[in-house]
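Engineer: Submitted below is the structure of interest, expressed as structure tokens.
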Amino acid sequence: MNLVMLSYVLFSCLLLSVQAHNCQVSEIIRFTTRLLVSGSLSCSCLPIPEAGHELSCFVEGTEHLMKNNMNSKEILQRLNRSFQTQLDRKFCGHLSHSNQCQAKTKGNVKQFLTEILKTYQAIKKSKA
Ligand SMILES: *[C@@H]1O[C@H](CO)[C@@H](O)[C@H](O)[C@H]1NC(C)=O
């Protein structure tokens, strides 16, 4: 293995670990946007989190969607996995401060997904 290859490998590892700590921002934004477009299920039953409770509420809301929804099972599963991992490993700083979802209010699917988007877009902006 030559030096160029070695530095490439090291750089890739670094990128991967940075992305992990970066809360998979672009992945979550991509999935959430796709769900927003395909949205269904009309209820005002999804938690709009208080500050510090974001990830636990996103997990709870996503699980609710999985139980009651819809045709986007695969995307929901991947979102669920991302949120659960971030919560378990305390990624994403303030988003994962609490294991218990505390909601300001309840919202419908669109409001819930918009909240996710807003949260991760703010992270993206602050890192740019
Ligand atoms: C969500 O993801 C977690 C972690 O991967 C998993 O244990 C759980 O069963 C998933 N929930 C659903 C409803 O699939």
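Just remember, in the structure tokens the first chain shown is A, the second B, etc., residues are 1-based per chain, and ligands are 1-based in the order shown.
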Which residues are close to Lys110 in chain A, i.e. within 12 Å by only C-alpha atoms, leaving aside same-chain residues fewer than 5 positions away? Reply as a list of chain:residue names.
Structural biologist: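 Within the cut-off, the hits are A:Thr32, A:Thr33, A:Arg34, A:Leu35, A:Leu36, A:Val37, A:Ser38, A:Gly39, A:Ser40, A:Leu41, A:Ser42, A:Cys43, A:Ser44, A:Cys45, A:Leu46, A:Pro47, A:Ile48, A:Gly61, A:Leu65, A:Glu115, A:Ile116, A:Leu117, A:Lys118.
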Engineer: Per residue of chain A within 12 Å of ligand 1, record the nearest atom pair and its distance in Å to one decimal, counting only C-alpha atoms and all ligand atoms, with rows in chain order and ascending residue number, as CSV.
Structural biologist:
residue,atom,partner,partner_atom_place_in_ligand_line,distance
A:Ser56,CA,ligand 1,1 (C),11.9
A:Phe58,CA,ligand 1,1 (C),11.2
A:Val59,CA,ligand 1,1 (C),7.8
A:Glu60,CA,ligand 1,13 (C),9.4
A:Gly61,CA,ligand 1,13 (C),10.4
A:Thr62,CA,ligand 1,13 (C),8.0
A:Glu63,CA,ligand 1,13 (C),5.1
A:His64,CA,ligand 1,13 (C),7.9
A:Leu65,CA,ligand 1,13 (C),8.8
A:Met66,CA,ligand 1,13 (C),6.0
A:Lys67,CA,ligand 1,13 (C),6.9
A:Asn68,CA,ligand 1,13 (C),10.4
A:Asn69,CA,ligand 1,13 (C),11.2
A:Lys73,CA,ligand 1,14 (O),9.4
A:Glu74,CA,ligand 1,14 (O),10.0
A:Ile75,CA,ligand 1,14 (O),11.2
A:Leu76,CA,ligand 1,14 (O),8.5
A:Gln77,CA,ligand 1,14 (O),6.1
A:Arg78,CA,ligand 1,2 (O),8.0
A:Leu79,CA,ligand 1,1 (C),8.3
A:Asn80,CA,ligand 1,1 (C),4.7
A:Arg81,CA,ligand 1,2 (O),4.3
A:Ser82,CA,ligand 1,5 (O),7.8
A:Phe83,CA,ligand 1,2 (O),7.9
A:Gln84,CA,ligand 1,4 (C),5.4
A:Thr85,CA,ligand 1,4 (C),6.7
A:Gln86,CA,ligand 1,4 (C),10.1
A:Leu87,CA,ligand 1,4 (C),10.1
A:Asp88,CA,ligand 1,4 (C),9.2
A:Arg89,CA,ligand 1,4 (C),11.7
Engineer: Pick the closest to Glu50 in chain A from A:Cys101, A:Thr119, A:Asn71, A:Ala128: which is it, counting only C-alpha atoms?
Structural biologist: A:Cys101
Engineer: Can you pull out every residue within 10 Å of Cys23 in chain A, counting only C-alpha atoms, but drop anything in the same chain fewer than 2 positions away, and send it as a list of chain:residue names?
Structural biologist: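 Listing them by chain and then by number gives A:Val18, A:Gln19, A:Ala20, A:His21, A:Val25, A:Ser26, A:Glu27, A:Ile28, A:Ser82, A:Phe83, A:Thr85, A:Gln86, A:Leu87, A:Lys90, A:Phe91, A:Cys92, A:Gly93, A:Leu95, A:Tyr120, A:Ile123, A:Lys124.
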Engineer: The selected residues should be written to file as an mmCIF file, in the first residue's frame (atoms: N, CA, C and O atoms).
Structural biologist:
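result27.cif written:
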data_model
loop_
_atom_site.group_PDB
_atom_site.id
_atom_site.type_symbol
_atom_site.label_atom_id
_atom_site.label_comp_id
_atom_site.auth_asym_id
_atom_site.auth_seq_id
_atom_site.Cartn_x
_atom_site.Cartn_y
_atom_site.Cartn_z
ATOM 1 N N VAL A 18 -16.650 11.611 11.533
ATOM 2 C CA VAL A 18 -17.221 12.955 11.638
ATOM 3 C C VAL A 18 -18.708 12.916 11.307
ATOM 4 O O VAL A 18 -19.538 13.493 11.991
ATOM 5 N N GLN A 19 -19.046 12.158 10.260
ATOM 6 C CA GLN A 19 -20.454 12.067 9.880
ATOM 7 C C GLN A 19 -21.302 11.457 10.995
ATOM 8 O O GLN A 19 -22.408 11.891 11.242
ATOM 9 N N ALA A 20 -20.740 10.446 11.654
ATOM 10 C CA ALA A 20 -21.485 9.809 12.738
ATOM 11 C C ALA A 20 -21.807 10.831 13.824
ATOM 12 O O ALA A 20 -22.929 10.908 14.299
ATOM 13 N N HIS A 21 -20.812 11.650 14.163
ATOM 14 C CA HIS A 21 -21.051 12.638 15.205
ATOM 15 C C HIS A 21 -21.897 13.792 14.703
ATOM 16 O O HIS A 21 -22.497 14.519 15.469
ATOM 17 N N VAL A 25 -26.880 14.243 9.278
ATOM 18 C CA VAL A 25 -27.776 15.347 8.949
ATOM 19 C C VAL A 25 -28.359 15.246 7.543
ATOM 20 O O VAL A 25 -29.585 15.289 7.370
ATOM 21 N N SER A 26 -27.500 15.060 6.546
ATOM 22 C CA SER A 26 -28.044 15.101 5.184
ATOM 23 C C SER A 26 -28.922 13.897 4.894
ATOM 24 O O SER A 26 -29.911 14.003 4.166
ATOM 25 N N GLU A 27 -28.583 12.742 5.494
ATOM 26 C CA GLU A 27 -29.422 11.565 5.300
ATOM 27 C C GLU A 27 -30.818 11.796 5.872
ATOM 28 O O GLU A 27 -31.831 11.521 5.218
ATOM 29 N N ILE A 28 -30.876 12.322 7.062
ATOM 30 C CA ILE A 28 -32.174 12.542 7.704
ATOM 31 C C ILE A 28 -32.985 13.598 6.956
ATOM 32 O O ILE A 28 -34.193 13.442 6.755
ATOM 33 N N SER A 82 -31.698 5.509 12.580
ATOM 34 C CA SER A 82 -30.811 6.659 12.784
ATOM 35 C C SER A 82 -31.106 7.360 14.112
ATOM 36 O O SER A 82 -30.197 7.644 14.889
ATOM 37 N N PHE A 83 -32.378 7.618 14.352
ATOM 38 C CA PHE A 83 -32.743 8.320 15.585
ATOM 39 C C PHE A 83 -32.375 7.498 16.814
ATOM 40 O O PHE A 83 -31.834 8.014 17.787
ATOM 41 N N THR A 85 -30.094 5.164 17.149
ATOM 42 C CA THR A 85 -28.644 5.113 17.334
ATOM 43 C C THR A 85 -28.128 6.414 17.932
ATOM 44 O O THR A 85 -27.316 6.410 18.860
ATOM 45 N N GLN A 86 -28.612 7.523 17.397
ATOM 46 C CA GLN A 86 -28.147 8.816 17.900
ATOM 47 C C GLN A 86 -28.532 9.008 19.360
ATOM 48 O O GLN A 86 -27.755 9.544 20.153
ATOM 49 N N LEU A 87 -29.713 8.550 19.704
ATOM 50 C CA LEU A 87 -30.177 8.688 21.079
ATOM 51 C C LEU A 87 -29.359 7.791 22.007
ATOM 52 O O LEU A 87 -28.872 8.223 23.056
ATOM 53 N N LYS A 90 -25.830 9.068 22.424
ATOM 54 C CA LYS A 90 -25.736 10.476 22.837
ATOM 55 C C LYS A 90 -25.031 11.326 21.790
ATOM 56 O O LYS A 90 -24.239 12.213 22.109
ATOM 57 N N PHE A 91 -25.317 11.019 20.529
ATOM 58 C CA PHE A 91 -24.821 11.875 19.461
ATOM 59 C C PHE A 91 -25.654 13.141 19.429
ATOM 60 O O PHE A 91 -26.675 13.242 20.088
ATOM 61 N N CYS A 92 -25.224 14.061 18.622
ATOM 62 C CA CYS A 92 -26.028 15.241 18.328
ATOM 63 C C CYS A 92 -26.217 16.163 19.514
ATOM 64 O O CYS A 92 -27.227 16.870 19.594
ATOM 65 N N GLY A 93 -25.287 16.166 20.426
ATOM 66 C CA GLY A 93 -25.293 17.149 21.502
ATOM 67 C C GLY A 93 -26.626 17.328 22.190
ATOM 68 O O GLY A 93 -27.183 16.370 22.724
ATOM 69 N N LEU A 95 -29.605 17.575 21.272
ATOM 70 C CA LEU A 95 -30.807 16.859 20.822
ATOM 71 C C LEU A 95 -31.075 15.610 21.645
ATOM 72 O O LEU A 95 -32.203 15.145 21.750
ATOM 73 N N TYR A 120 -32.716 19.573 11.937
ATOM 74 C CA TYR A 120 -31.471 19.127 11.297
ATOM 75 C C TYR A 120 -30.920 20.181 10.341
ATOM 76 O O TYR A 120 -29.706 20.257 10.142
ATOM 77 N N ILE A 123 -28.775 22.408 12.402
ATOM 78 C CA ILE A 123 -27.458 21.807 12.667
ATOM 79 C C ILE A 123 -26.561 21.976 11.449
ATOM 80 O O ILE A 123 -25.394 22.343 11.558
ATOM 81 N N LYS A 124 -27.144 21.710 10.277
ATOM 82 C CA LYS A 124 -26.385 21.816 9.042
ATOM 83 C C LYS A 124 -25.846 23.235 8.866
ATOM 84 O O LYS A 124 -24.684 23.439 8.522
#
Engineer: So which bits of range 22-66 of chain A end up strand (DSSP E or B) when you DSSP the backbone, as a list of chain:residue names?
Structural biologist: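 Of range 22-66 of chain A, the ones in strand (DSSP E or B) are A:Leu46, A:Pro47, A:Ile48, A:Pro49.
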Engineer: Nearest to Glu54 in chain A: which of A:Ser98, A:Asn108, A:Ser126, A:Ser72 is it, counting only C-alpha atoms?
Structural biologist: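 Closest candidate: A:Ser98.
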Engineer: Smallest atom-to-atom distance to Cys57 in chain A: which of A:Gln100, A:Thr114, A:Gln121, A:Thr105, using only C-alpha atoms?
Structural biologist: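 The answer is A:Gln100, which sits nearest to Cys57 in chain A.
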Engineer: How many Å separate CA of Pro49 in chain A from CA of Ile29 in chain A?
Structural biologist: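 CA of Pro49 in chain A sits 17.4 Å away from CA of Ile29 in chain A.
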Engineer: Which is closest to His94 in chain A among A:Ala51, A:Phe31, A:Lys127, A:Val109, if we use only C-alpha atoms?
Structural biologist: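 Closest to His94 in chain A of all the choices is A:Ala51.
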Engineer: From range 44-91 of chain A, collect each residue whose DSSP state is helix (DSSP H, G or I) and return the set as a PyMOL selection string.
Structural biologist: chain A and resi 54-68+73-88
